[in-house]
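Colleague: Once you've had a glance at the structure underneath, I'll fire off some questions.
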Amino acid sequence: MERLRAMPLLKRIAGKTGFAFSLVVLVSPAILVFLWMLSLSLKNDADNTAFPPVFIPDPPTLDNFRDVFARNDFLLYLWNSILVTGGAVLVGLAVGVPAGYGIARARSAKFAFLILIARITPALSYLIPLFLVFQLMGLNGTITALLVTHLVITIPIIVWVMIGYFENVPMELEDAALVDGATPWQGFRHIALPLAKPGIIAAAIFSAIFAWNELLFAAILTADHVRTLPVAITGFSTSMGIRWGAFMATAAVGVIPIFILTVLLQRHLVRGLTFGAVK
């Protein structure tokens, strides 16, 4: 009898142990890469090229961070990235949320498939047509051009994510509002939109991460005064080699805004990821 009682406890312990082990296996590569980036940013050039590698800086130095801010318009590049990413996410939400709602309510698999195709199409396919259009309009090398190109990234992500969330919002709630005299717009605004708030936040974070890390559009369509952080990071690779310390210092600082955004919205992000899991 005691053995039978102990079996559920052993199963729970084994399940938790297996989950913890799987989580460590999945997360450890990303954590190790992040720690290695910090290690390189806190070491001098001699330690960064030493063999065998020096894993722990002794002593750590902030010279690479000082060099990044002193020799480059780093704050300008940071502001450009914030401006382009923030604008692309806001416009993407303004377009993508209603579009996702319309496709979900119409249950149009064809439009959903078209959005998926737009998402998986290589960015290079958009680059040449957009470059020619911006050249005719005199927009090459401007923030406006970057903002428009980043919409190619944010809108498909937001629409595709929101289709799934709106499909799990009960239609009966909106039908009840329509019976009470509400318009379809009021049903969307006052019923569906508040219920889909976790999904909207999750879609915003995902699209912001992809937009923040975009390099191809920013590298081709930018001038010196509108560079974004990914383009600025590539500037540390020269014919003389890669300045690993400054390279990783710039990357480390570039991670901070997205990291802060994710931490601040973590609660909403978790709700968004699990929304609709149990219907």
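Simple scheme: letters A, B, ... for chains in structure tokens order, numbers from 1 for residues in each chain, numbers from 1 for ligands in the order shown.
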Give me, as an MDAnalysis selection string, all polymer residues having an atom no more than 8 Å from A:Thr85, counting only C-alpha atoms and skipping those fewer than 6 positions away in the same chain.
Modeller: chainID A and resid 147 150 208 211:212
Colleague: With only C-alpha atoms as the counted atoms, please give the residues lying no more than 10 Å from A:Asp73, apart from itself and same-chain residues fewer than 4 positions off, as a ChimeraX atom specification.
Modeller: /A:68-69,77-78,224-225,227,232
Colleague: Could you please take those selected residues and save all heavy atoms as a PDB file, in the first residue's frame?
Modeller:
ATOM      1  N   VAL A  68      33.675  52.326 -27.789  1.00  0.00           N
ATOM      2  CA  VAL A  68      32.466  52.335 -28.616  1.00  0.00           C
ATOM      3  C   VAL A  68      31.785  53.697 -28.564  1.00  0.00           C
ATOM      4  O   VAL A  68      31.377  54.254 -29.596  1.00  0.00           O
ATOM      5  CB  VAL A  68      31.492  51.227 -28.150  1.00  0.00           C
ATOM      6  CG1 VAL A  68      30.118  51.417 -28.770  1.00  0.00           C
ATOM      7  CG2 VAL A  68      32.049  49.860 -28.531  1.00  0.00           C
ATOM      8  N   PHE A  69      31.655  54.261 -27.378  1.00  0.00           N
ATOM      9  CA  PHE A  69      30.962  55.546 -27.231  1.00  0.00           C
ATOM     10  C   PHE A  69      31.833  56.717 -27.673  1.00  0.00           C
ATOM     11  O   PHE A  69      31.315  57.741 -28.130  1.00  0.00           O
ATOM     12  CB  PHE A  69      30.521  55.743 -25.778  1.00  0.00           C
ATOM     13  CG  PHE A  69      29.328  54.942 -25.389  1.00  0.00           C
ATOM     14  CD1 PHE A  69      29.474  53.703 -24.775  1.00  0.00           C
ATOM     15  CD2 PHE A  69      28.045  55.402 -25.655  1.00  0.00           C
ATOM     16  CE1 PHE A  69      28.366  52.957 -24.410  1.00  0.00           C
ATOM     17  CE2 PHE A  69      26.934  54.660 -25.305  1.00  0.00           C
ATOM     18  CZ  PHE A  69      27.096  53.433 -24.685  1.00  0.00           C
ATOM     19  N   TYR A  77      23.125  55.871 -33.499  1.00  0.00           N
ATOM     20  CA  TYR A  77      22.734  54.579 -34.054  1.00  0.00           C
ATOM     21  C   TYR A  77      21.683  53.907 -33.167  1.00  0.00           C
ATOM     22  O   TYR A  77      20.736  53.286 -33.677  1.00  0.00           O
ATOM     23  CB  TYR A  77      23.954  53.663 -34.180  1.00  0.00           C
ATOM     24  CG  TYR A  77      25.079  54.240 -35.002  1.00  0.00           C
ATOM     25  CD1 TYR A  77      26.409  53.912 -34.745  1.00  0.00           C
ATOM     26  CD2 TYR A  77      24.808  55.116 -36.050  1.00  0.00           C
ATOM     27  CE1 TYR A  77      27.441  54.436 -35.501  1.00  0.00           C
ATOM     28  CE2 TYR A  77      25.841  55.646 -36.817  1.00  0.00           C
ATOM     29  CZ  TYR A  77      27.151  55.311 -36.531  1.00  0.00           C
ATOM     30  OH  TYR A  77      28.173  55.839 -37.276  1.00  0.00           O
ATOM     31  N   LEU A  78      21.847  54.047 -31.855  1.00  0.00           N
ATOM     32  CA  LEU A  78      20.872  53.477 -30.927  1.00  0.00           C
ATOM     33  C   LEU A  78      19.504  54.142 -31.097  1.00  0.00           C
ATOM     34  O   LEU A  78      18.467  53.467 -31.123  1.00  0.00           O
ATOM     35  CB  LEU A  78      21.369  53.647 -29.493  1.00  0.00           C
ATOM     36  CG  LEU A  78      20.452  53.130 -28.381  1.00  0.00           C
ATOM     37  CD1 LEU A  78      20.239  51.632 -28.516  1.00  0.00           C
ATOM     38  CD2 LEU A  78      21.041  53.473 -27.009  1.00  0.00           C
ATOM     39  N   ASP A 224      25.216  57.194 -43.589  1.00  0.00           N
ATOM     40  CA  ASP A 224      25.940  57.213 -42.318  1.00  0.00           C
ATOM     41  C   ASP A 224      25.083  57.759 -41.179  1.00  0.00           C
ATOM     42  O   ASP A 224      25.152  57.266 -40.052  1.00  0.00           O
ATOM     43  CB  ASP A 224      27.215  58.054 -42.452  1.00  0.00           C
ATOM     44  CG  ASP A 224      28.254  57.361 -43.339  1.00  0.00           C
ATOM     45  OD1 ASP A 224      28.155  56.126 -43.492  1.00  0.00           O
ATOM     46  OD2 ASP A 224      29.131  58.049 -43.879  1.00  0.00           O
ATOM     47  N   HIS A 225      24.264  58.773 -41.450  1.00  0.00           N
ATOM     48  CA  HIS A 225      23.510  59.423 -40.377  1.00  0.00           C
ATOM     49  C   HIS A 225      22.251  58.667 -39.991  1.00  0.00           C
ATOM     50  O   HIS A 225      21.594  59.021 -39.014  1.00  0.00           O
ATOM     51  CB  HIS A 225      23.155  60.856 -40.792  1.00  0.00           C
ATOM     52  CG  HIS A 225      22.220  60.937 -41.966  1.00  0.00           C
ATOM     53  ND1 HIS A 225      22.653  60.691 -43.247  1.00  0.00           N
ATOM     54  CD2 HIS A 225      20.889  61.212 -42.038  1.00  0.00           C
ATOM     55  CE1 HIS A 225      21.631  60.822 -44.074  1.00  0.00           C
ATOM     56  NE2 HIS A 225      20.546  61.133 -43.369  1.00  0.00           N
ATOM     57  N   ARG A 227      22.272  55.099 -39.801  1.00  0.00           N
ATOM     58  CA  ARG A 227      22.651  53.724 -39.505  1.00  0.00           C
ATOM     59  C   ARG A 227      21.927  53.216 -38.271  1.00  0.00           C
ATOM     60  O   ARG A 227      21.653  53.974 -37.343  1.00  0.00           O
ATOM     61  CB  ARG A 227      24.160  53.626 -39.264  1.00  0.00           C
ATOM     62  CG  ARG A 227      25.006  53.631 -40.510  1.00  0.00           C
ATOM     63  CD  ARG A 227      26.461  53.398 -40.149  1.00  0.00           C
ATOM     64  NE  ARG A 227      27.308  53.305 -41.320  1.00  0.00           N
ATOM     65  CZ  ARG A 227      28.620  53.087 -41.264  1.00  0.00           C
ATOM     66  NH1 ARG A 227      29.222  52.941 -40.090  1.00  0.00           N
ATOM     67  NH2 ARG A 227      29.314  53.003 -42.372  1.00  0.00           N
ATOM     68  N   ALA A 232      26.036  49.278 -37.508  1.00  0.00           N
ATOM     69  CA  ALA A 232      27.176  49.829 -36.769  1.00  0.00           C
ATOM     70  C   ALA A 232      28.080  48.718 -36.250  1.00  0.00           C
ATOM     71  O   ALA A 232      29.309  48.863 -36.226  1.00  0.00           O
ATOM     72  CB  ALA A 232      26.677  50.691 -35.616  1.00  0.00           C
TER      73      ALA A 232
END
Colleague: Residues of stretch 53-272 of chain A in helix (DSSP H, G or I) according to DSSP, as number ranges by chain?
Modeller: A: 63-71, 74-106, 109-120, 123-137, 143-167, 171-179, 184-195, 197-212, 216-221, 224-226, 229-234, 244-264, 266-272
Colleague: Rounded to one decimal place, report the atom CA of A:Phe247-atom CA of A:Thr234 distance in Å.
Modeller: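 Between these atoms lies a distance of 7.8 Å.
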Colleague: At what distance in Å, to one decimal, does atom CA of A:Gly18 lie from atom CA of A:Trp36?
Modeller: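 These two atoms are separated by 27.0 Å.
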Colleague: Among the residues of stretch 159-273 of chain A, find those DSSP assigns to strand (DSSP E or B) from the backbone and print them as a VMD selection string.
Modeller: chain A and resid 237 to 238 241 to 242
Colleague: May I have the residues within 12 Å of A:Phe210 as a list in words, using only C-alpha atoms and disregarding those fewer than 4 positions away in the same chain?
Modeller: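 In the requested format, the answer is Ser81, Val84, Thr85, Gly86, Ala88, Val89, Arg119, His150, Leu151, Val152, Ile153, Thr154, Ile155, Pro156, Ile157, Ile158, Ala203, Ala204, Ile205, Phe206, Glu214, Leu215, Leu216, Pro230 and Ile258 of chain A.
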